[in-house]
>>> print(open('coords20.tsv').read())   # TSV, C-alpha atoms
chain	number	residue	atom	x	y	z
A	1	MET	CA	-54.16	88.49	-4.52
A	2	ASN	CA	-51.75	91.27	-3.72
A	3	MET	CA	-48.69	92.02	-5.79
A	4	THR	CA	-46.30	90.63	-3.22
A	5	ASN	CA	-47.86	87.13	-3.26
A	6	ARG	CA	-48.08	87.20	-7.06
A	7	HIS	CA	-44.42	88.07	-7.29
A	8	ARG	CA	-43.48	85.19	-4.98
A	9	GLY	CA	-45.49	82.70	-7.08
A	10	ILE	CA	-43.78	83.80	-10.26
A	11	MET	CA	-40.38	83.38	-8.60
A	12	ALA	CA	-41.30	79.86	-7.37
A	13	VAL	CA	-42.43	78.78	-10.83
A	14	GLN	CA	-39.26	80.11	-12.34
A	15	ALA	CA	-37.17	78.26	-9.69
A	16	ASN	CA	-39.04	74.98	-10.22
A	17	GLY	CA	-38.70	75.40	-13.98
A	18	ALA	CA	-34.97	75.76	-13.60
A	19	ILE	CA	-34.80	72.61	-11.47
A	20	PHE	CA	-36.86	70.64	-14.01
A	21	ALA	CA	-34.64	71.89	-16.80
A	22	GLN	CA	-31.58	70.70	-14.90
A	23	LEU	CA	-33.14	67.29	-14.27
A	24	HIS	CA	-34.13	66.94	-17.93
A	25	ALA	CA	-30.63	67.84	-18.99
A	26	SER	CA	-29.18	65.26	-16.57
A	27	VAL	CA	-31.47	62.50	-17.87
A	28	ALA	CA	-30.63	63.37	-21.44
A	29	GLU	CA	-26.94	63.34	-20.64
A	30	PHE	CA	-27.24	59.93	-18.84
A	31	LYS	CA	-29.24	58.47	-21.76
A	32	ALA	CA	-26.72	59.73	-24.28
A	33	ALA	CA	-23.82	58.34	-22.25
A	34	HIS	CA	-25.39	54.90	-21.79
A	35	GLN	CA	-27.37	54.57	-25.02
A	36	SER	CA	-24.74	52.24	-26.51
A	37	GLN	CA	-24.95	49.95	-23.48
A	38	LEU	CA	-28.75	49.91	-23.64
A	39	ASP	CA	-28.55	49.06	-27.35
A	40	VAL	CA	-26.20	46.11	-26.56
A	41	ILE	CA	-28.54	44.80	-23.84
A	42	SER	CA	-31.55	45.11	-26.17
A	43	ARG	CA	-29.69	43.29	-28.96
A	44	ASP	CA	-28.61	40.51	-26.60
A	45	LEU	CA	-32.20	40.04	-25.42
A	46	ASP	CA	-33.43	39.79	-29.00
A	47	GLN	CA	-30.74	37.23	-29.84
A	48	MET	CA	-31.58	35.18	-26.76
A	49	ASN	CA	-35.25	35.19	-27.72
A	50	ALA	CA	-34.38	33.98	-31.20
A	51	LYS	CA	-32.18	31.19	-29.88
A	52	LEU	CA	-34.74	30.05	-27.35
A	53	ALA	CA	-37.43	29.93	-30.05
A	54	ALA	CA	-35.12	27.94	-32.35
A	55	MET	CA	-34.15	25.37	-29.72
A	56	GLN	CA	-37.79	24.23	-29.14
A	57	ILE	CA	-36.89	22.26	-26.02
A	58	GLY	CA	-39.75	20.04	-24.70
A	59	GLY	CA	-43.48	20.68	-25.00
A	60	ALA	CA	-45.81	20.09	-27.95
A	61	GLY	CA	-45.53	22.33	-31.00
A	62	ASP	CA	-48.51	24.38	-32.23
A	63	ALA	CA	-49.96	24.38	-35.70
A	64	ASN	CA	-47.25	26.72	-36.99
A	65	GLY	CA	-44.50	24.40	-35.75
A	66	THR	CA	-43.44	26.69	-32.92
A	67	ASN	CA	-43.33	25.95	-29.22
A	68	THR	CA	-45.97	27.77	-27.20
A	69	GLU	CA	-44.35	27.09	-23.83
A	70	LEU	CA	-40.99	28.22	-25.11
A	71	ARG	CA	-42.43	31.52	-26.44
A	72	GLN	CA	-44.08	32.13	-23.09
A	73	ALA	CA	-40.83	31.41	-21.26
A	74	SER	CA	-38.91	33.70	-23.62
A	75	ALA	CA	-41.38	36.53	-23.16
A	76	ALA	CA	-41.33	36.09	-19.38
A	77	VAL	CA	-37.54	36.14	-19.25
A	78	THR	CA	-37.43	39.26	-21.42
A	79	ASP	CA	-40.04	41.01	-19.29
A	80	PHE	CA	-38.20	40.05	-16.12
A	81	LEU	CA	-34.83	41.31	-17.39
A	82	ARG	CA	-36.30	44.62	-18.64
A	83	SER	CA	-38.63	45.43	-15.75
A	84	GLY	CA	-37.02	43.59	-12.85
A	85	LYS	CA	-40.46	42.34	-11.80
A	86	PRO	CA	-40.57	38.57	-11.07
A	87	ASP	CA	-44.39	38.33	-11.43
A	88	ALA	CA	-44.19	37.03	-14.97
A	89	MET	CA	-41.81	34.23	-13.90
A	90	LEU	CA	-44.03	32.79	-11.18
A	91	ASN	CA	-46.34	30.80	-13.44
A	92	LEU	CA	-43.61	29.17	-15.52
A	93	GLN	CA	-43.06	25.42	-15.08
A	94	PRO	CA	-39.46	24.17	-14.67
A	95	ARG	CA	-37.94	22.26	-17.61
A	96	GLY	CA	-36.70	19.43	-15.36
A	97	ALA	CA	-35.52	18.61	-11.84
A	98	MET	CA	-31.96	19.33	-10.79
A	99	THR	CA	-30.07	16.18	-9.82
A	100	THR	CA	-26.58	15.34	-8.65
A	101	ASP	CA	-26.11	12.39	-10.99
A	102	SER	CA	-26.13	14.73	-14.00
A	103	ALA	CA	-23.32	17.27	-13.93
A	104	PRO	CA	-25.05	20.05	-15.95
A	105	ASP	CA	-28.31	19.60	-14.01
A	106	GLY	CA	-26.70	20.21	-10.64
A	107	GLY	CA	-23.91	17.71	-10.32
A	108	PHE	CA	-21.31	20.45	-10.78
A	109	THR	CA	-22.48	21.99	-7.50
A	110	VAL	CA	-21.63	18.91	-5.46
A	111	PRO	CA	-17.96	18.94	-4.38
A	112	THR	CA	-15.86	15.82	-4.77
A	113	GLN	CA	-14.67	14.44	-1.45
A	114	ILE	CA	-11.76	12.02	-1.24
A	115	ASP	CA	-11.41	9.96	1.91
A	116	GLY	CA	-8.51	11.22	3.97
A	117	MET	CA	-7.47	7.67	4.82
A	118	ILE	CA	-6.06	5.33	2.18
A	119	GLN	CA	-6.97	1.74	2.94
A	120	ASN	CA	-3.96	-0.47	2.43
A	121	GLN	CA	-4.22	-3.90	0.98
A	122	LEU	CA	-2.58	-6.02	3.64
A	123	ILE	CA	0.54	-7.91	2.71
A	124	ALA	CA	2.18	-10.88	4.40
A	125	LEU	CA	5.69	-9.84	5.39
A	126	SER	CA	8.35	-12.45	5.99
A	127	PRO	CA	8.99	-13.46	9.61
A	128	MET	CA	12.66	-14.18	8.88
A	129	ARG	CA	14.06	-11.15	10.65
A	130	THR	CA	11.93	-11.90	13.70
A	131	ALA	CA	12.91	-15.55	13.71
A	132	CYS	CA	16.59	-14.82	13.11
A	133	GLY	CA	16.80	-12.07	15.68
A	134	GLY	CA	17.16	-9.24	13.17
A	135	GLY	CA	20.26	-8.68	11.07
A	136	ILE	CA	23.91	-7.92	11.65
A	137	LEU	CA	25.03	-4.44	10.57
A	138	VAL	CA	28.39	-4.80	8.80
A	139	GLY	CA	30.93	-2.20	7.73
A	140	THR	CA	31.84	-3.77	4.41
A	141	SER	CA	30.27	-5.99	1.80
A	142	ASP	CA	33.26	-8.33	2.08
A	143	TYR	CA	31.92	-9.93	5.24
A	144	LYS	CA	32.69	-13.47	6.36
A	145	LYS	CA	31.50	-15.45	9.33
A	146	LEU	CA	33.34	-18.40	10.82
A	147	ILE	CA	31.45	-21.41	12.15
A	148	ASN	CA	33.07	-23.64	14.73
A	149	ARG	CA	32.47	-27.11	13.39
A	150	ARG	CA	34.02	-28.66	16.49
A	151	GLY	CA	35.93	-31.85	15.75
A	152	ALA	CA	38.49	-31.60	18.54
A	153	THR	CA	39.23	-34.96	20.17
A	154	ALA	CA	40.60	-35.99	23.57
A	155	GLY	CA	41.62	-39.23	25.30
A	156	TRP	CA	42.42	-40.77	28.65
A	157	VAL	CA	45.91	-41.72	29.76
A	158	GLY	CA	47.72	-42.79	32.85
A	159	GLU	CA	50.57	-41.00	34.53
A	160	ARG	CA	53.35	-42.62	32.49
A	161	ASP	CA	51.41	-43.29	29.28
A	162	PRO	CA	52.53	-41.52	26.10
A	163	ARG	CA	50.33	-38.75	24.79
A	164	GLY	CA	49.36	-39.08	21.17
A	165	GLU	CA	48.35	-36.17	18.98
A	166	THR	CA	44.63	-35.39	18.98
A	167	GLU	CA	42.38	-33.80	16.37
A	168	THR	CA	42.00	-30.03	16.23
A	169	PRO	CA	38.62	-28.32	15.76
A	170	LEU	CA	37.43	-27.47	12.30
A	171	LEU	CA	36.14	-24.13	11.04
A	172	GLY	CA	33.54	-23.37	8.44
A	173	GLU	CA	33.38	-20.09	6.55
A	174	ILE	CA	30.13	-18.42	5.60
A	175	VAL	CA	30.19	-15.66	3.00
A	176	PRO	CA	26.66	-14.29	2.64
A	177	PRO	CA	25.92	-13.05	-0.90
A	178	MET	CA	24.87	-9.40	-0.89
A	179	GLY	CA	22.90	-7.31	-3.28
A	180	GLU	CA	21.04	-4.05	-3.49
A	181	VAL	CA	17.29	-3.97	-3.66
A	182	TYR	CA	16.14	-0.65	-5.09
A	183	ALA	CA	13.20	1.33	-6.39
A	184	TYR	CA	13.23	4.45	-8.57
A	185	PRO	CA	9.70	5.89	-8.69
A	186	SER	CA	8.90	9.38	-9.91
A	187	VAL	CA	5.91	11.69	-9.46
A	188	THR	CA	5.21	15.11	-10.92
A	189	GLN	CA	5.89	18.08	-8.71
A	190	TRP	CA	2.31	19.22	-9.32
A	191	ALA	CA	1.02	15.95	-7.91
A	192	VAL	CA	3.17	16.42	-4.82
A	193	ASP	CA	2.08	20.05	-4.40
A	194	ASP	CA	-1.64	19.58	-5.05
A	195	SER	CA	-2.34	16.22	-3.42
A	196	GLN	CA	-4.15	16.29	-0.09
A	197	PHE	CA	-1.90	13.42	1.00
A	198	ASP	CA	1.83	13.44	1.71
A	199	LEU	CA	2.43	11.76	-1.63
A	200	SER	CA	6.19	11.28	-1.32
A	201	SER	CA	5.83	9.60	2.09
A	202	PHE	CA	3.05	7.41	0.69
A	203	VAL	CA	5.36	6.24	-2.12
A	204	GLN	CA	8.24	5.64	0.29
A	205	GLU	CA	6.11	3.54	2.66
A	206	ASN	CA	4.92	1.35	-0.20
A	207	VAL	CA	8.47	0.87	-1.47
A	208	VAL	CA	9.72	-0.14	1.98
A	209	ASP	CA	6.95	-2.76	2.20
A	210	GLU	CA	8.00	-4.06	-1.21
A	211	PHE	CA	11.60	-4.26	0.02
A	212	ASN	CA	10.44	-6.43	2.91
A	213	LEU	CA	8.62	-8.73	0.49
A	214	GLN	CA	11.62	-8.95	-1.82
A	215	GLU	CA	14.15	-9.73	0.89
A	216	GLY	CA	11.81	-12.26	2.51
A	217	GLN	CA	11.54	-14.15	-0.77
A	218	ALA	CA	15.32	-14.01	-1.20
A	219	PHE	CA	15.93	-15.38	2.32
A	220	ALA	CA	13.80	-18.40	1.38
A	221	THR	CA	14.42	-19.03	-2.32
A	222	GLY	CA	17.14	-16.58	-3.46
A	223	ASP	CA	19.81	-17.99	-5.77
A	224	GLY	CA	22.63	-15.92	-4.27
A	225	LEU	CA	23.24	-13.93	-7.49
A	226	LYS	CA	23.21	-10.26	-6.49
A	227	LYS	CA	20.80	-11.23	-3.73
A	228	PRO	CA	20.80	-13.39	-0.56
A	229	ARG	CA	20.92	-17.16	-0.85
A	230	GLY	CA	17.75	-18.81	0.40
A	231	PHE	CA	17.66	-21.60	2.96
A	232	LEU	CA	15.47	-23.72	0.64
A	233	THR	CA	18.20	-23.81	-2.04
A	234	VAL	CA	20.72	-25.75	0.06
A	235	THR	CA	21.55	-29.39	-0.61
A	236	MET	CA	19.35	-31.75	1.43
A	237	SER	CA	20.13	-35.16	2.88
A	238	ALA	CA	18.44	-37.73	5.11
A	239	ASP	CA	21.77	-38.38	6.89
A	240	GLY	CA	22.23	-37.31	10.50
A	241	ASP	CA	24.57	-34.67	11.85
A	242	GLY	CA	27.61	-36.91	12.08
A	243	ALA	CA	27.26	-38.38	8.60
A	244	ARG	CA	26.45	-35.55	6.17
A	245	PRO	CA	28.94	-32.88	5.10
A	246	PHE	CA	28.98	-29.33	6.47
A	247	GLY	CA	26.55	-27.04	4.68
A	248	THR	CA	23.99	-29.76	3.92
A	249	TRP	CA	20.54	-29.65	5.55
A	250	GLN	CA	18.86	-32.71	7.00
A	251	PHE	CA	15.27	-33.68	6.24
A	252	VAL	CA	12.84	-36.04	7.95
A	253	LYS	CA	10.20	-37.86	5.89
A	254	THR	CA	6.49	-37.74	6.65
A	255	GLY	CA	6.00	-41.40	5.71
A	256	SER	CA	3.51	-40.62	2.92
A	257	ALA	CA	4.38	-39.73	-0.66
A	258	SER	CA	1.51	-37.26	-0.96
A	259	GLY	CA	1.25	-35.73	2.50
A	260	PHE	CA	0.97	-37.02	6.06
A	261	LEU	CA	0.07	-40.44	7.38
A	262	SER	CA	-3.62	-40.93	8.02
A	263	THR	CA	-2.84	-42.46	11.44
A	264	ALA	CA	-0.92	-40.28	13.92
A	265	PRO	CA	0.17	-37.68	11.33
A	266	GLY	CA	1.70	-35.52	14.06
A	267	ASP	CA	4.36	-38.13	14.83
A	268	ALA	CA	6.42	-36.80	11.90
A	269	LEU	CA	6.50	-33.40	13.58
A	270	ILE	CA	7.76	-34.91	16.82
A	271	ASP	CA	10.47	-36.76	14.88
A	272	LEU	CA	11.50	-33.46	13.32
A	273	VAL	CA	11.77	-31.71	16.68
A	274	TYR	CA	14.03	-34.36	18.15
A	275	ALA	CA	16.19	-34.54	15.06
A	276	VAL	CA	17.51	-31.18	16.24
A	277	LYS	CA	20.09	-31.58	19.01
A	278	PRO	CA	19.13	-30.30	22.51
A	279	GLN	CA	21.68	-27.47	22.43
A	280	TYR	CA	19.86	-25.98	19.45
A	281	ARG	CA	16.38	-26.33	20.93
A	282	THR	CA	16.75	-23.55	23.50
A	283	GLY	CA	16.35	-19.82	23.14
A	284	PRO	CA	13.78	-17.36	21.77
A	285	ASN	CA	14.63	-18.02	18.13
A	286	VAL	CA	13.66	-21.68	18.07
A	287	GLY	CA	10.47	-22.49	16.23
A	288	TRP	CA	8.58	-23.57	13.13
A	289	GLN	CA	8.10	-22.00	9.74
A	290	MET	CA	5.32	-22.96	7.31
A	291	ASN	CA	2.80	-21.17	5.13
A	292	SER	CA	-0.87	-20.66	5.92
A	293	ALA	CA	-2.08	-23.55	3.76
A	294	THR	CA	0.19	-26.00	5.59
A	295	ALA	CA	-0.77	-24.51	8.94
A	296	GLY	CA	-4.42	-25.20	8.09
A	297	ILE	CA	-3.55	-28.90	7.74
A	298	VAL	CA	-1.34	-29.18	10.81
A	299	ARG	CA	-3.85	-27.24	12.91
A	300	LYS	CA	-6.17	-30.28	12.79
A	301	PHE	CA	-3.65	-32.85	14.06
A	302	LYS	CA	-4.49	-34.47	17.39
A	303	ASP	CA	-2.58	-36.60	19.87
A	304	GLY	CA	-3.60	-40.05	21.10
A	305	GLU	CA	-5.99	-38.48	23.62
A	306	GLY	CA	-7.84	-36.54	20.93
A	307	ARG	CA	-6.31	-33.18	21.87
A	308	TYR	CA	-5.06	-30.76	19.27
A	309	ILE	CA	-1.28	-30.48	19.26
A	310	TRP	CA	-1.59	-26.94	17.94
A	311	GLN	CA	-2.15	-24.38	20.70
A	312	GLU	CA	-3.51	-21.00	19.66
A	313	SER	CA	-1.97	-18.00	21.35
A	314	LEU	CA	-4.01	-16.32	24.08
A	315	THR	CA	-2.05	-13.06	23.69
A	316	ALA	CA	-2.52	-10.74	20.74
A	317	GLY	CA	0.57	-10.56	18.55
A	318	GLU	CA	2.12	-13.72	19.94
A	319	PRO	CA	2.56	-16.77	17.67
A	320	ALA	CA	0.73	-20.05	18.18
A	321	LEU	CA	2.59	-23.00	19.69
A	322	LEU	CA	3.18	-26.39	18.09
A	323	CYS	CA	4.75	-29.04	20.30
A	324	GLY	CA	5.61	-26.21	22.67
A	325	PHE	CA	7.46	-24.06	20.08
A	326	PRO	CA	6.26	-20.90	18.29
A	327	VAL	CA	4.99	-21.03	14.72
A	328	TRP	CA	6.00	-18.26	12.31
A	329	LEU	CA	3.84	-18.17	9.20
A	330	ASN	CA	6.06	-17.69	6.18
A	331	GLU	CA	4.17	-17.52	2.88
A	332	ASP	CA	7.40	-18.17	0.97
A	333	MET	CA	7.43	-21.76	2.22
A	334	PRO	CA	6.10	-24.33	-0.29
A	335	ASP	CA	2.73	-26.06	-0.07
A	336	VAL	CA	2.28	-29.71	0.86
A	337	ALA	CA	3.10	-31.74	-2.26
A	338	ALA	CA	5.16	-34.76	-3.25
A	339	ASN	CA	8.87	-34.27	-2.42
A	340	ALA	CA	8.20	-30.74	-1.12
A	341	LEU	CA	9.70	-29.29	2.06
A	342	PRO	CA	6.72	-27.44	3.53
A	343	ILE	CA	7.82	-27.31	7.18
A	344	ALA	CA	11.09	-26.28	8.80
A	345	PHE	CA	12.04	-26.36	12.46
A	346	GLY	CA	15.11	-25.29	14.39
A	347	ASN	CA	17.20	-22.46	15.76
A	348	TRP	CA	16.90	-19.76	13.12
A	349	ARG	CA	19.36	-17.38	14.70
A	350	ALA	CA	22.06	-20.02	14.48
A	351	GLY	CA	20.87	-21.50	11.21
A	352	TYR	CA	20.53	-18.45	8.98
A	353	LEU	CA	22.66	-15.30	8.76
A	354	ILE	CA	21.20	-11.91	7.74
A	355	VAL	CA	23.56	-8.98	7.20
A	356	ASP	CA	22.78	-5.34	6.47
A	357	ARG	CA	25.44	-3.14	4.93
A	358	ILE	CA	23.43	0.08	5.16
A	359	GLY	CA	19.84	0.61	6.15
A	360	THR	CA	17.22	1.92	3.77
A	361	ARG	CA	18.55	4.99	1.99
A	362	ILE	CA	16.33	7.56	0.25
A	363	VAL	CA	17.67	10.15	-2.21
A	364	ARG	CA	15.25	12.86	-3.40
A	365	ASP	CA	16.05	14.15	-6.88
A	366	PRO	CA	14.02	17.13	-8.19
A	367	TYR	CA	16.80	18.22	-10.60
A	368	THR	CA	17.42	15.46	-13.15
A	369	LYS	CA	13.98	15.86	-14.76
A	370	PRO	CA	12.50	19.32	-14.11
A	371	GLY	CA	8.89	19.19	-12.99
A	372	TRP	CA	9.29	15.69	-11.57
A	373	LEU	CA	10.36	14.41	-8.16
A	374	ARG	CA	12.38	11.22	-8.41
A	375	LEU	CA	13.01	9.04	-5.38
A	376	TYR	CA	15.91	6.61	-5.43
A	377	ILE	CA	15.34	4.21	-2.55
A	378	SER	CA	17.85	1.43	-1.91
A	379	LYS	CA	18.95	-1.09	0.65
A	380	ARG	CA	21.96	-3.40	0.68
A	381	VAL	CA	21.28	-6.72	2.34
A	382	GLY	CA	22.76	-10.20	2.31
A	383	GLY	CA	21.91	-13.60	3.70
A	384	ALA	CA	23.01	-17.20	3.69
A	385	PRO	CA	22.47	-20.47	5.58
A	386	ALA	CA	24.90	-20.71	8.47
A	387	ASP	CA	25.03	-23.67	10.87
A	388	SER	CA	23.55	-26.58	8.94
A	389	ARG	CA	22.86	-28.50	12.14
A	390	ALA	CA	20.54	-25.82	13.53
A	391	ILE	CA	17.55	-26.29	11.18
A	392	LYS	CA	15.78	-29.42	9.93
A	393	PHE	CA	13.09	-29.87	7.26
A	394	LEU	CA	10.07	-32.08	6.87
A	395	LYS	CA	9.89	-33.72	3.45
A	396	ILE	CA	6.73	-35.13	1.91
A	397	ALA	CA	8.00	-38.60	1.08
A	398	ALA	CA	7.34	-42.24	1.95
>>> encode(input="coords20.tsv", output="structure tokens")
Amino acid sequence: MNMTNRHRGIMAVQANGAIFAQLHASVAEFKAAHQSQLDVISRDLDQMNAKLAAMQIGGAGDANGTNTELRQASAAVTDFLRSGKPDAMLNLQPRGAMTTDSAPDGGFTVPTQIDGMIQNQLIALSPMRTACGGGILVGTSDYKKLINRRGATAGWVGERDPRGETETPLLGEIVPPMGEVYAYPSVTQWAVDDSQFDLSSFVQENVVDEFNLQEGQAFATGDGLKKPRGFLTVTMSADGDGARPFGTWQFVKTGSASGFLSTAPGDALIDLVYAVKPQYRTGPNVGWQMNSATAGIVRKFKDGEGRYIWQESLTAGEPALLCGFPVWLNEDMPDVAANALPIAFGNWRAGYLIVDRIGTRIVRDPYTKPGWLRLYISKRVGGAPADSRAIKFLKIAA
């Protein structure tokens, strides 16, 4: 070898030696900088091994009281964490299957899903507003309605006959009792913000339905104290229109003390229809009211030819017909029982007065109680029996 080549070799060795020295210095510097972290990792691995050995989960213990499977699992985990090689983990058997019915074993991974549609329990709303043609919106709670009771008289005379004084018509005054039906629910602002539903609208809709139930009950059985007076609370009499005083309802008996006659039970219904004068038996607001239990009884009545007198509606949403008049099911009507009044018939627009001072009012209050949303929902409504000749009742009596 000539001197030139030997010189080049010496220079290459020196250069490589310098590179190796730099690499060694870098490794030493890295190890020194991260030695504390490596010590922490090593300590954590040792602690985990000790805990795993102490837990002794599953498997049969050996003669020394230790768990062979657990030691193998611990060693495999340690080897995997230190080397990064998964080979040691392949032969391990799982402790148990992951399932969704156990939260720690996998149930936490399954998201909870709430149906986006809330199924409402159906409620039977009163048909009174439909039967009465809605309500009258009034500008003051001091509202009165005058009823023309007639009573005017007239006579025949000749050309030269004296004219005597005749009777003037009479007026009746109806003052419907009024009251305020209200609700004051509250929900937390967090519930409003975090709910996947429009929670405030949901509460409002439920309250409005409850208002309808409350006013329907008051129209039927209300005592008139801070609420409407119900049509079932009026004095009843068997006397006809010319004999009983104004403001008293007339009833027709079924002929049986416990229900209807076994022979021709529908005759009582026909008697009830024609107890109402012809002038009241015209118009869209003439019809029957009874509850579902009573309707189930009347639905089976037949005429002398064996035909049902109840005619089911052929149009969705339209009421059935009984003796040619619509039937409105009102669950606030009483059941068939001795001395009960389970069926009413007549002109409901003329016979019962519904007044509304103000429609449903909703006040949102997020200030009175911080963190809560309060909803004050109210409605002022009144009602009272009006023309006592317009509606008649069927009484269970002999």
>>> closest_residue(input="coords20.tsv", among="A:Thr168, A:Asp303, A:Val381, A:Phe211", to="A:Gly224", atoms="only C-alpha atoms")
A:Val381
>>> residues_around(input="coords20.tsv", residues="stretch 145-161 of chain A", least_positions_apart="6", cutoff="6 Å", atoms="all atoms listed in the file", output="mmCIF file with C-alpha atoms, keeping the file's coordinate frame")
data_model
loop_
_atom_site.group_PDB
_atom_site.id
_atom_site.type_symbol
_atom_site.label_atom_id
_atom_site.label_comp_id
_atom_site.auth_asym_id
_atom_site.auth_seq_id
_atom_site.Cartn_x
_atom_site.Cartn_y
_atom_site.Cartn_z
ATOM 1 C CA GLU A 167 42.380 -33.800 16.370
ATOM 2 C CA THR A 168 42.000 -30.030 16.230
ATOM 3 C CA PRO A 169 38.620 -28.320 15.760
ATOM 4 C CA LEU A 170 37.430 -27.470 12.300
ATOM 5 C CA LEU A 171 36.140 -24.130 11.040
ATOM 6 C CA GLY A 172 33.540 -23.370 8.440
ATOM 7 C CA GLU A 173 33.380 -20.090 6.550
ATOM 8 C CA ILE A 174 30.130 -18.420 5.600
#
>>> atom_distance(input="coords20.tsv", atom1="atom CA of A:Ala398", atom2="atom CA of A:Thr254")
6.6 Å
>>> atom_distance(input="coords20.tsv", atom1="atom CA of A:Val252", atom2="atom CA of A:Asp332")
19.9 Å
>>> closest_residue(input="coords20.tsv", among="A:Lys302, A:Lys395, A:Lys226, A:Arg244", to="A:Asp271", atoms="only C-alpha atoms")
A:Lys395
>>> residues_around(input="coords20.tsv", residues="stretch 360-377 of chain A", least_positions_apart="5", cutoff="6 Å", atoms="all atoms listed in the file", output="VMD selection string")
chain A and resid 182 to 189
>>> atom_distance(input="coords20.tsv", atom1="atom CA of A:Gly359", atom2="atom CA of A:Ser141")
13.1 Å
>>> closest_residue(input="coords20.tsv", among="A:Arg357, A:Arg380, A:Arg281, A:Arg229", to="A:Leu137", atoms="all atoms listed in the file")
A:Arg357
>>> closest_residue(input="coords20.tsv", among="A:Gly346, A:Leu394, A:Pro176, A:Ala243", to="A:Ile136", atoms="all atoms listed in the file")
A:Pro176
>>> closest_residue(input="coords20.tsv", among="A:Gln204, A:Thr140, A:Gln196, A:Ser237", to="A:Trp249", atoms="all atoms listed in the file")
A:Ser237
>>> closest_atom_pairs(input="coords20.tsv", of="stretch 116-230 of chain A", to="stretch 310-324 of chain A", cutoff="12 Å", atoms="all atoms listed in the file", output="Markdown table")
| residue | atom | partner | partner_atom | distance |
| --- | --- | --- | --- | --- |
| A:Pro127 | CA | A:Pro319 | CA | 10.8 |
| A:Thr130 | CA | A:Pro319 | CA | 11.3 |
| A:Ala131 | CA | A:Pro319 | CA | 11.1 |
>>> write_last_selection(input="coords20.tsv", atoms="C-alpha atoms", output="JSON list (two decimals), in the frame of the given file")
[["chain", "number", "residue", "atom", "x", "y", "z"],
["A", 127, "PRO", "CA", 8.99, -13.46, 9.61],
["A", 130, "THR", "CA", 11.93, -11.90, 13.70],
["A", 131, "ALA", "CA", 12.91, -15.55, 13.71]]
>>> closest_residue(input="coords20.tsv", among="A:Met333, A:Ala338, A:Leu213, A:Ala386", to="A:Ser292", atoms="all atoms listed in the file")
A:Met333
